[in-house]
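Coordinates as given in upload.txt (compact mmCIF, C-alpha atoms and all ligand atoms):
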# COMPACT_ATOMS: atom_id res chain seq x y z
CA MET A 1 -33.97 -20.52 105.46
CA THR A 2 -32.31 -18.31 108.06
CA ALA A 3 -30.48 -15.38 106.53
CA GLN A 4 -26.84 -14.77 107.30
CA LEU A 5 -26.69 -11.26 108.79
CA ILE A 6 -24.01 -8.97 107.41
CA ASP A 7 -22.88 -7.01 110.45
CA GLY A 8 -21.94 -3.52 109.29
CA LEU A 9 -20.76 -2.43 112.73
CA ALA A 10 -18.27 -5.30 113.02
CA LEU A 11 -17.02 -4.86 109.44
CA ALA A 12 -16.64 -1.10 109.94
CA SER A 13 -14.68 -1.64 113.13
CA GLN A 14 -12.32 -4.10 111.36
CA LYS A 15 -11.87 -1.66 108.48
CA LEU A 16 -11.08 1.24 110.83
CA GLN A 17 -8.55 -0.87 112.72
CA SER A 18 -6.76 -1.79 109.52
CA LEU A 19 -6.77 1.87 108.38
CA LYS A 20 -5.40 2.88 111.78
CA GLN A 21 -2.42 0.56 111.34
CA LYS A 22 -1.67 1.94 107.86
CA ILE A 23 -1.93 5.51 109.16
CA GLU A 24 0.37 4.79 112.11
CA THR A 25 3.02 3.52 109.69
CA LEU A 26 2.62 6.52 107.38
CA ARG A 27 2.84 8.92 110.29
CA LEU A 28 6.37 7.79 111.08
CA THR A 29 7.48 9.85 108.09
CA HIS A 30 4.50 12.00 107.10
CA PRO A 31 2.02 14.47 108.64
CA GLN A 32 -1.40 13.37 109.90
CA PRO A 33 -4.17 12.88 107.31
CA GLY A 34 -6.89 15.52 107.65
CA LEU A 35 -10.57 15.54 106.76
CA ALA A 36 -12.50 18.81 106.68
CA THR A 37 -16.28 18.58 107.07
CA LEU A 38 -18.47 21.49 106.06
CA LEU A 39 -22.03 21.97 107.25
CA VAL A 40 -24.16 24.83 105.95
CA GLY A 41 -26.98 25.48 108.41
CA ASP A 42 -27.92 23.46 111.44
CA ASP A 43 -29.83 20.37 110.28
CA PRO A 44 -29.97 18.04 113.34
CA ALA A 45 -29.66 14.81 111.28
CA SER A 46 -26.64 16.25 109.44
CA ARG A 47 -25.02 17.11 112.77
CA ILE A 48 -25.41 13.49 113.89
CA TYR A 49 -23.88 12.20 110.62
CA ILE A 50 -20.94 14.59 110.99
CA ARG A 51 -20.40 13.53 114.59
CA ASN A 52 -20.31 9.86 113.51
CA LYS A 53 -17.80 10.67 110.78
CA ALA A 54 -15.59 12.59 113.25
CA ARG A 55 -15.70 9.63 115.64
CA ALA A 56 -14.62 7.19 112.93
CA CYS A 57 -11.80 9.55 111.90
CA ALA A 58 -10.56 9.70 115.51
CA GLU A 59 -10.67 5.90 115.73
CA ALA A 60 -8.43 5.55 112.68
CA GLY A 61 -6.07 8.45 113.48
CA VAL A 62 -7.40 10.97 110.94
CA CYS A 63 -7.64 14.57 112.15
CA SER A 64 -11.14 15.84 111.38
CA ILE A 65 -11.86 19.54 111.46
CA HIS A 66 -15.42 20.72 111.33
CA HIS A 67 -16.51 23.98 109.69
CA THR A 68 -19.98 25.50 109.76
CA LEU A 69 -21.54 28.30 107.79
CA PRO A 70 -24.87 29.94 108.60
CA ALA A 71 -27.99 28.62 106.83
CA ASN A 72 -28.44 31.93 104.99
CA SER A 73 -24.94 31.85 103.43
CA THR A 74 -24.81 32.86 99.78
CA PHE A 75 -23.53 30.63 96.98
CA GLU A 76 -20.40 32.80 96.77
CA GLU A 77 -19.72 32.52 100.51
CA VAL A 78 -19.87 28.72 100.33
CA VAL A 79 -17.59 28.71 97.26
CA GLU A 80 -15.11 30.91 99.14
CA LYS A 81 -15.04 28.46 102.04
CA ILE A 82 -14.65 25.45 99.74
CA GLU A 83 -11.81 27.16 97.90
CA SER A 84 -9.96 27.99 101.09
CA LEU A 85 -10.22 24.33 102.17
CA ASN A 86 -9.14 23.21 98.66
CA GLN A 87 -5.98 25.27 99.20
CA ASP A 88 -5.33 24.17 102.81
CA PRO A 89 -2.36 21.76 102.88
CA LEU A 90 -3.57 20.18 106.13
CA VAL A 91 -6.85 19.16 104.46
CA HIS A 92 -6.59 16.00 102.36
CA GLY A 93 -10.29 15.21 102.20
CA LEU A 94 -13.20 17.64 102.02
CA LEU A 95 -16.80 16.68 102.60
CA MET A 96 -19.75 19.02 102.29
CA GLN A 97 -22.65 17.49 104.21
CA LEU A 98 -25.87 17.24 102.19
CA PRO A 99 -28.63 18.32 102.02
CA LEU A 100 -27.82 22.01 101.68
CA PRO A 101 -30.40 24.72 102.43
CA PRO A 102 -32.80 24.88 99.44
CA HIS A 103 -31.53 28.22 98.05
CA LEU A 104 -28.08 26.68 97.39
CA ASP A 105 -27.37 24.59 94.28
CA ALA A 106 -25.79 21.45 95.75
CA LYS A 107 -24.79 20.01 92.36
CA LYS A 108 -22.88 23.16 91.38
CA LEU A 109 -21.25 23.54 94.79
CA THR A 110 -20.15 19.90 94.89
CA GLN A 111 -18.26 20.45 91.64
CA ARG A 112 -16.21 23.21 93.30
CA ILE A 113 -14.51 20.69 95.62
CA ASP A 114 -11.03 19.80 94.35
CA ARG A 115 -11.48 16.35 92.77
CA ARG A 116 -8.35 15.14 94.59
CA LYS A 117 -10.01 15.94 97.94
CA ASP A 118 -13.50 14.79 96.88
CA VAL A 119 -13.86 11.98 99.44
CA ASP A 120 -17.59 11.64 98.71
CA GLY A 121 -16.74 10.81 95.09
CA PHE A 122 -19.45 13.13 93.70
CA ASN A 123 -17.18 15.23 91.48
CA TRP A 124 -18.00 14.54 87.82
CA GLN A 125 -14.36 13.66 87.09
CA ASN A 126 -14.45 10.98 89.77
CA LEU A 127 -17.85 9.73 88.61
CA GLY A 128 -16.50 9.70 85.03
CA ALA A 129 -13.53 7.61 86.17
CA LEU A 130 -15.98 5.14 87.71
CA VAL A 131 -17.88 4.86 84.40
CA GLU A 132 -14.55 4.16 82.68
CA GLY A 133 -13.42 1.69 85.37
CA ALA A 134 -10.40 3.91 86.07
CA SER A 135 -8.97 4.75 89.49
CA GLY A 136 -10.39 7.71 91.40
CA LEU A 137 -12.32 8.48 94.55
CA ARG A 138 -15.55 6.49 94.52
CA PRO A 139 -18.81 7.21 96.39
CA CYS A 140 -18.75 5.73 99.90
CA THR A 141 -22.11 3.96 100.15
CA PRO A 142 -21.65 1.94 96.92
CA THR A 143 -18.09 0.95 97.94
CA ALA A 144 -19.48 -0.05 101.35
CA ILE A 145 -22.08 -2.26 99.65
CA MET A 146 -19.43 -3.94 97.49
CA ALA A 147 -17.20 -4.52 100.54
CA MET A 148 -20.14 -6.07 102.40
CA LEU A 149 -20.88 -8.47 99.53
CA GLU A 150 -17.19 -9.37 99.31
CA SER A 151 -16.95 -9.93 103.07
CA GLN A 152 -19.38 -12.84 102.71
CA LYS A 153 -17.86 -14.06 99.42
CA ILE A 154 -21.27 -13.65 97.78
CA PRO A 155 -20.84 -14.58 94.11
CA ILE A 156 -21.12 -11.45 91.95
CA LYS A 157 -19.72 -12.62 88.61
CA GLY A 158 -22.62 -13.87 86.48
CA ALA A 159 -25.20 -13.04 89.19
CA HIS A 160 -28.34 -11.06 88.41
CA ALA A 161 -28.22 -7.95 90.59
CA VAL A 162 -31.31 -5.77 90.86
CA VAL A 163 -30.81 -2.24 92.21
CA LEU A 164 -33.85 -0.32 93.48
CA GLY A 165 -33.17 3.42 93.21
CA ARG A 166 -31.28 5.44 90.61
CA SER A 167 -29.68 8.22 92.65
CA THR A 168 -26.17 9.49 91.86
CA ILE A 169 -25.22 8.79 95.48
CA VAL A 170 -26.20 5.12 95.62
CA GLY A 171 -28.23 3.50 92.83
CA LYS A 172 -26.32 4.44 89.67
CA PRO A 173 -22.78 4.05 91.05
CA VAL A 174 -23.47 0.72 92.75
CA ALA A 175 -25.00 -0.55 89.50
CA LEU A 176 -21.75 0.40 87.70
CA MET A 177 -19.63 -1.33 90.35
CA LEU A 178 -21.72 -4.49 90.11
CA VAL A 179 -21.38 -4.49 86.30
CA GLU A 180 -17.63 -3.96 86.69
CA ARG A 181 -17.52 -7.10 88.87
CA GLY A 182 -19.36 -9.18 86.25
CA ALA A 183 -22.99 -9.01 87.41
CA THR A 184 -25.92 -8.54 85.05
CA VAL A 185 -27.68 -5.50 86.47
CA THR A 186 -31.26 -4.25 86.34
CA ILE A 187 -31.94 -0.78 87.74
CA CYS A 188 -35.50 -0.19 88.98
CA HIS A 189 -36.99 3.11 90.12
CA SER A 190 -40.25 4.90 90.80
CA GLN A 191 -41.41 4.52 87.17
CA THR A 192 -40.65 0.79 86.92
CA ARG A 193 -43.67 -1.36 86.05
CA ALA A 194 -44.13 -4.77 87.69
CA LEU A 195 -41.44 -4.09 90.28
CA GLU A 196 -42.07 -7.38 92.03
CA ALA A 197 -41.43 -9.39 88.84
CA MET A 198 -38.02 -7.68 88.60
CA THR A 199 -36.98 -8.00 92.22
CA ARG A 200 -37.93 -11.69 92.36
CA GLN A 201 -35.27 -12.41 89.73
CA ALA A 202 -32.46 -10.96 91.83
CA ASP A 203 -29.61 -13.04 93.20
CA ILE A 204 -28.39 -9.77 94.74
CA LEU A 205 -30.97 -7.11 95.63
CA VAL A 206 -29.76 -3.62 96.62
CA VAL A 207 -32.55 -1.40 97.94
CA ALA A 208 -32.00 2.38 98.14
CA ILE A 209 -35.36 4.11 97.82
CA GLY A 210 -36.19 5.70 101.17
CA LYS A 211 -39.54 3.90 101.64
CA PRO A 212 -39.91 2.20 105.04
CA ARG A 213 -40.12 -1.61 104.78
CA LEU A 214 -41.42 -1.52 101.20
CA VAL A 215 -39.63 -4.73 100.20
CA GLY A 216 -41.32 -7.79 101.71
CA ALA A 217 -40.60 -11.50 101.35
CA HIS A 218 -43.04 -11.82 98.41
CA MET A 219 -40.67 -9.56 96.37
CA VAL A 220 -37.51 -11.56 97.05
CA LYS A 221 -36.22 -14.90 95.74
CA ALA A 222 -35.51 -17.30 98.61
CA GLY A 223 -31.78 -17.31 99.38
CA ALA A 224 -31.01 -13.97 97.68
CA ALA A 225 -28.50 -11.49 99.14
CA VAL A 226 -30.43 -8.40 100.24
CA ILE A 227 -28.61 -5.14 100.97
CA ASP A 228 -30.83 -2.56 102.65
CA VAL A 229 -29.49 0.98 102.21
CA GLY A 230 -32.60 2.86 103.35
CA ILE A 231 -32.62 4.97 106.49
CA ASN A 232 -36.15 5.95 107.48
CA ARG A 233 -37.25 7.58 110.71
CA LEU A 234 -40.65 6.32 111.87
CA ALA A 235 -43.25 8.33 113.81
CA ASP A 236 -42.07 6.71 117.08
CA GLY A 237 -38.52 7.98 116.42
CA LYS A 238 -37.14 4.52 115.55
CA ILE A 239 -35.03 3.97 112.43
CA CYS A 240 -35.88 1.30 109.88
CA GLY A 241 -34.71 0.34 106.41
CA ASP A 242 -36.48 -0.04 103.06
CA VAL A 243 -36.71 -3.79 103.63
CA ASP A 244 -39.06 -5.64 105.97
CA PHE A 245 -36.28 -7.13 108.09
CA GLU A 246 -38.54 -9.44 110.15
CA ALA A 247 -40.11 -10.92 107.00
CA LEU A 248 -36.78 -11.36 105.22
CA LYS A 249 -34.67 -12.79 108.02
CA GLU A 250 -36.11 -16.28 107.51
CA HIS A 251 -36.24 -15.98 103.72
CA ALA A 252 -33.14 -14.23 102.33
CA GLY A 253 -29.73 -15.88 102.09
CA TRP A 254 -27.90 -12.81 103.41
CA LEU A 255 -29.35 -9.64 104.87
CA THR A 256 -28.06 -6.32 106.21
CA PRO A 257 -29.76 -4.84 109.30
CA VAL A 258 -30.83 -1.20 109.72
CA PRO A 259 -29.39 0.32 111.80
CA GLY A 260 -25.99 -1.38 111.97
CA GLY A 261 -25.61 -2.33 108.31
CA VAL A 262 -24.62 -0.16 105.35
CA GLY A 263 -24.56 3.06 107.45
CA PRO A 264 -21.49 2.37 109.62
CA MET A 265 -19.66 0.74 106.72
CA THR A 266 -20.29 3.88 104.62
CA VAL A 267 -18.56 5.97 107.29
CA ALA A 268 -15.59 3.57 107.35
CA MET A 269 -15.30 3.89 103.56
CA LEU A 270 -15.21 7.68 103.95
CA VAL A 271 -12.15 7.29 106.17
CA GLU A 272 -10.64 4.93 103.60
CA ASN A 273 -11.27 7.51 100.87
CA THR A 274 -9.59 10.15 103.04
CA LEU A 275 -6.52 7.94 103.30
CA GLN A 276 -6.60 7.33 99.53
CA ALA A 277 -6.78 11.10 98.88
CA TYR A 278 -3.99 11.72 101.39
CA CYS A 279 -1.69 9.11 99.81
CA ALA A 280 -2.23 10.61 96.34
CA LEU A 281 -1.57 14.15 97.64
CA ILE A 282 1.59 13.32 99.62
CA GLU A 283 3.03 11.34 96.68
CA LYS A 284 2.74 14.36 94.37
P1 LIG B 301 -33.08 9.40 96.53
O1 LIG B 301 -34.04 9.83 97.57
O2 LIG B 301 -32.22 10.36 95.83
O3 LIG B 301 -33.88 8.59 95.42
C1 LIG B 301 -34.76 7.56 95.72
C2 LIG B 301 -34.80 6.60 94.54
O4 LIG B 301 -35.76 5.60 94.82
C3 LIG B 301 -35.22 7.27 93.23
O5 LIG B 301 -34.35 6.83 92.21
C4 LIG B 301 -36.64 6.75 92.99
O6 LIG B 301 -36.92 6.59 91.62
C5 LIG B 301 -36.62 5.42 93.71
N1 LIG B 301 -37.91 5.04 94.24
C6 LIG B 301 -38.72 5.76 95.05
N2 LIG B 301 -39.84 5.06 95.34
C7 LIG B 301 -39.74 3.88 94.69
C8 LIG B 301 -40.56 2.75 94.60
N3 LIG B 301 -41.74 2.68 95.22
N4 LIG B 301 -40.14 1.71 93.85
C9 LIG B 301 -38.94 1.75 93.21
N5 LIG B 301 -38.11 2.80 93.26
C10 LIG B 301 -38.50 3.86 94.01
O7 LIG B 301 -32.24 8.18 97.09
P2 LIG B 301 -30.88 8.06 97.87
O8 LIG B 301 -30.27 9.36 98.20
O9 LIG B 301 -30.14 7.03 97.08
O10 LIG B 301 -31.38 7.42 99.26
C11 LIG B 301 -32.17 6.26 99.32
C12 LIG B 301 -32.28 5.79 100.75
O11 LIG B 301 -30.98 5.40 101.19
C13 LIG B 301 -32.74 6.87 101.74
O12 LIG B 301 -33.48 6.25 102.76
C14 LIG B 301 -31.43 7.40 102.31
O13 LIG B 301 -31.58 7.94 103.62
C15 LIG B 301 -30.61 6.14 102.35
N6 LIG B 301 -29.16 6.34 102.29
C16 LIG B 301 -28.43 5.66 103.19
C17 LIG B 301 -27.06 5.76 103.18
C18 LIG B 301 -26.24 4.98 104.17
O14 LIG B 301 -25.11 5.31 104.44
N7 LIG B 301 -26.81 3.89 104.72
C19 LIG B 301 -26.43 6.59 102.25
C20 LIG B 301 -27.20 7.25 101.30
C21 LIG B 301 -28.58 7.11 101.33

Will you turn the file into structure tokens for me?
Ligand code: NAD
Amino acid sequence: MTAQLIDGLALASQKLQSLKQKIETLRLTHPQPGLATLLVGDDPASRIYIRNKARACAEAGVCSIHHTLPANSTFEEVVEKIESLNQDPLVHGLLMQLPLPPHLDAKKLTQRIDRRKDVDGFNWQNLGALVEGASGLRPCTPTAIMAMLESQKIPIKGAHAVVLGRSTIVGKPVALMLVERGATVTICHSQTRALEAMTRQADILVVAIGKPRLVGAHMVKAGAAVIDVGINRLADGKICGDVDFEALKEHAGWLTPVPGGVGPMTVAMLVENTLQAYCALIEK
């Protein structure tokens, strides 16, 4: 069986075009939506992610303003910056790029972002709303995964979805979203015994573990939908996912590539979250 590839670049481009149209209409009567990005330190990978986010914002007509703080900033200095951006009326979305330098408590600092501007969806009020199935800003990678499944009309209701990874950024929230849509969900992680026996049951397999090409064809039911979230840099500088793409492309039913899969769609969902935050703030 030849897998249907789910093209994250094409889907992200469509999403950004549709957001651009909505923003153009809103701008006839309202100010421009603004996203502030905050980087503490100078991590090269983080700088690339922020550049990609700024590019997507520009494509959709969102004004992105980047702020940096030195790597040796204190907790209080970062809080002060977050609070000034919380107060800034031109900022509708606020994203603090992770990881932070090790001396800073990322969980505590994330909670200082105004939940109405929390476009990453990591604030506990937004995560609580997700648990409840209520509206709120939802984490971007899980919403990207759901949009990718929906784009192919992959049946979710009644399906057995297996999620590898239990992070707050990907694994847990995507499991909740799949349950919300009627899937029966199994979450696997580093302590799971007989991983292969679990993954082979999956109609939908979401892999977010950060282990290059760990998931091979022997772990996947033929015809399953496989969403590869992993981003791993190999010794030769190339990027690969957590799934063995070559082995799966003639075995899975649907498959996302890395790069060009969940990554670009995640960025498009960030812009969508910025628009959602903006609409809620201007309607106040
Ligand atoms: P994390 O690093 O916080 O956690 C990894 C998870 O994988 C843990 O829950 C751990 O228990 C589990 N795990 C580790 N080894 C395992 C194994 N052998 N078998 C089963 N489970 C195992 O994870 P994260 O932040 O969710 O990131 C996961 C991957 O997804 C990373 O490669 C990251 O770069 C990537 N990522 C990509 C995007 C995107 O936009 N495409 C967004 C977020 C994360």

*Go through the chains and note each residue within 6 Å of ligand LIG 301 (chain B), using only C-alpha atoms and all ligand atoms, then give the set as a PyMOL selection string.*
chain A and resi 141+164-167+169-171+188-190+208-210+229-232+262-263+266

For the residues in the current selection, export C-alpha atoms as a short mmCIF file (atom, residue, chain, number, x, y, z; two decimals), keeping the file's coordinate frame.
data_model
loop_
_atom_site.label_atom_id
_atom_site.label_comp_id
_atom_site.auth_asym_id
_atom_site.auth_seq_id
_atom_site.Cartn_x
_atom_site.Cartn_y
_atom_site.Cartn_z
CA THR A 141 -22.11 3.96 100.15
CA LEU A 164 -33.85 -0.32 93.48
CA GLY A 165 -33.17 3.42 93.21
CA ARG A 166 -31.28 5.44 90.61
CA SER A 167 -29.68 8.22 92.65
CA ILE A 169 -25.22 8.79 95.48
CA VAL A 170 -26.20 5.12 95.62
CA GLY A 171 -28.23 3.50 92.83
CA CYS A 188 -35.50 -0.19 88.98
CA HIS A 189 -36.99 3.11 90.12
CA SER A 190 -40.25 4.90 90.80
CA ALA A 208 -32.00 2.38 98.14
CA ILE A 209 -35.36 4.11 97.82
CA GLY A 210 -36.19 5.70 101.17
CA VAL A 229 -29.49 0.98 102.21
CA GLY A 230 -32.60 2.86 103.35
CA ILE A 231 -32.62 4.97 106.49
CA ASN A 232 -36.15 5.95 107.48
CA VAL A 262 -24.62 -0.16 105.35
CA GLY A 263 -24.56 3.06 107.45
CA THR A 266 -20.29 3.88 104.62
#

*asked:* Which residue is closest to Val163 of chain A? Choose from A:Leu130, A:Leu137, A:Ala3, A:Val206 and count all atoms listed in the file.
replied: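 Checking each candidate against Val163 of chain A, we get A:Val206 as the closest.
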
*Which residue out of A:Ala45, A:Lys249, A:Ile82, A:His92 has the minimum interatomic distance to Gln111 of chain A when only C-alpha atoms are used?*
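Among the listed residues, the smallest separation from Gln111 of chain A belongs to A:Ile82.
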
*Would you mind reading off the distance between atom CA of Pro142 of chain A and atom CA of Pro101 of chain A, one decimal, in Å?*
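A separation of 25.0 Å between them.
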
What are the centre and edge lengths in Å, to one decimal, of the axis-aligned box around all listed atoms of segment 106-123 of chain A with 5 Å added on each side, as AutoDock Vina command-line options?
--center_x -17.1 --center_y 17.2 --center_z 95.4 --size_x 27.4 --size_y 22.7 --size_z 18.1

*Nearest to Phe122 of chain A among A:Pro102, A:Pro173, A:Gly216, A:Gly158, with distances taken over all atoms listed in the file: which residue is it?*
A:Pro173

_I'd like to know which of A:Ala56, A:Glu150, A:Leu275, A:Gln97 is closest to Ile23 of chain A, using only C-alpha atoms._
A:Leu275

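Among A:His103, A:Lys53, A:Lys20, A:Arg193, the residue with the shortest atom-to-atom distance to Thr37 of chain A, counting only C-alpha atoms, is A:Lys53.
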
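Taking atom CA of Glu283 of chain A and atom CA of Leu28 of chain A as endpoints, the distance between them is 15.2 Å.
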
_Shortest interatomic distance to Phe75 of chain A - which of A:Asp105, A:Asn52, A:Gly241, A:Leu95, counting all atoms listed in the file_ = A:Asp105

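Take atom CA of Val131 of chain A and atom CA of Lys108 of chain A: the distance between them is 20.2 Å.
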
*Might you pull out every residue within 12 Å of Ile113 of chain A, with all atoms listed in the file counted and same-chain residues fewer than 4 positions away left off, and present them as an MDAnalysis selection string?*
chainID A and resid 36:38 78:87 91:96 106:109 117:126

Those same residues - C-alpha atoms - I'd like them written as a PDB file, in the frame of the given file.
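Saved file part_10.pdb follows:
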ATOM      1  CA  ALA A  36     -12.500  18.810 106.680  1.00  0.00           C
ATOM      2  CA  THR A  37     -16.280  18.580 107.070  1.00  0.00           C
ATOM      3  CA  LEU A  38     -18.470  21.490 106.060  1.00  0.00           C
ATOM      4  CA  VAL A  78     -19.870  28.720 100.330  1.00  0.00           C
ATOM      5  CA  VAL A  79     -17.590  28.710  97.260  1.00  0.00           C
ATOM      6  CA  GLU A  80     -15.110  30.910  99.140  1.00  0.00           C
ATOM      7  CA  LYS A  81     -15.040  28.460 102.040  1.00  0.00           C
ATOM      8  CA  ILE A  82     -14.650  25.450  99.740  1.00  0.00           C
ATOM      9  CA  GLU A  83     -11.810  27.160  97.900  1.00  0.00           C
ATOM     10  CA  SER A  84      -9.960  27.990 101.090  1.00  0.00           C
ATOM     11  CA  LEU A  85     -10.220  24.330 102.170  1.00  0.00           C
ATOM     12  CA  ASN A  86      -9.140  23.210  98.660  1.00  0.00           C
ATOM     13  CA  GLN A  87      -5.980  25.270  99.200  1.00  0.00           C
ATOM     14  CA  VAL A  91      -6.850  19.160 104.460  1.00  0.00           C
ATOM     15  CA  HIS A  92      -6.590  16.000 102.360  1.00  0.00           C
ATOM     16  CA  GLY A  93     -10.290  15.210 102.200  1.00  0.00           C
ATOM     17  CA  LEU A  94     -13.200  17.640 102.020  1.00  0.00           C
ATOM     18  CA  LEU A  95     -16.800  16.680 102.600  1.00  0.00           C
ATOM     19  CA  MET A  96     -19.750  19.020 102.290  1.00  0.00           C
ATOM     20  CA  ALA A 106     -25.790  21.450  95.750  1.00  0.00           C
ATOM     21  CA  LYS A 107     -24.790  20.010  92.360  1.00  0.00           C
ATOM     22  CA  LYS A 108     -22.880  23.160  91.380  1.00  0.00           C
ATOM     23  CA  LEU A 109     -21.250  23.540  94.790  1.00  0.00           C
ATOM     24  CA  LYS A 117     -10.010  15.940  97.940  1.00  0.00           C
ATOM     25  CA  ASP A 118     -13.500  14.790  96.880  1.00  0.00           C
ATOM     26  CA  VAL A 119     -13.860  11.980  99.440  1.00  0.00           C
ATOM     27  CA  ASP A 120     -17.590  11.640  98.710  1.00  0.00           C
ATOM     28  CA  GLY A 121     -16.740  10.810  95.090  1.00  0.00           C
ATOM     29  CA  PHE A 122     -19.450  13.130  93.700  1.00  0.00           C
ATOM     30  CA  ASN A 123     -17.180  15.230  91.480  1.00  0.00           C
ATOM     31  CA  TRP A 124     -18.000  14.540  87.820  1.00  0.00           C
ATOM     32  CA  GLN A 125     -14.360  13.660  87.090  1.00  0.00           C
ATOM     33  CA  ASN A 126     -14.450  10.980  89.770  1.00  0.00           C
TER      34      ASN A 126
END

_With only C-alpha atoms as the counted atoms, please give the residues lying no more than 6 Å from Gly261 of chain A, apart from itself and same-chain residues fewer than 4 positions off, as a list of chain:residue names._
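Near Gly261 of chain A, the qualifying residues are A:Asp7, A:Gly8, A:Thr256, A:Pro257.
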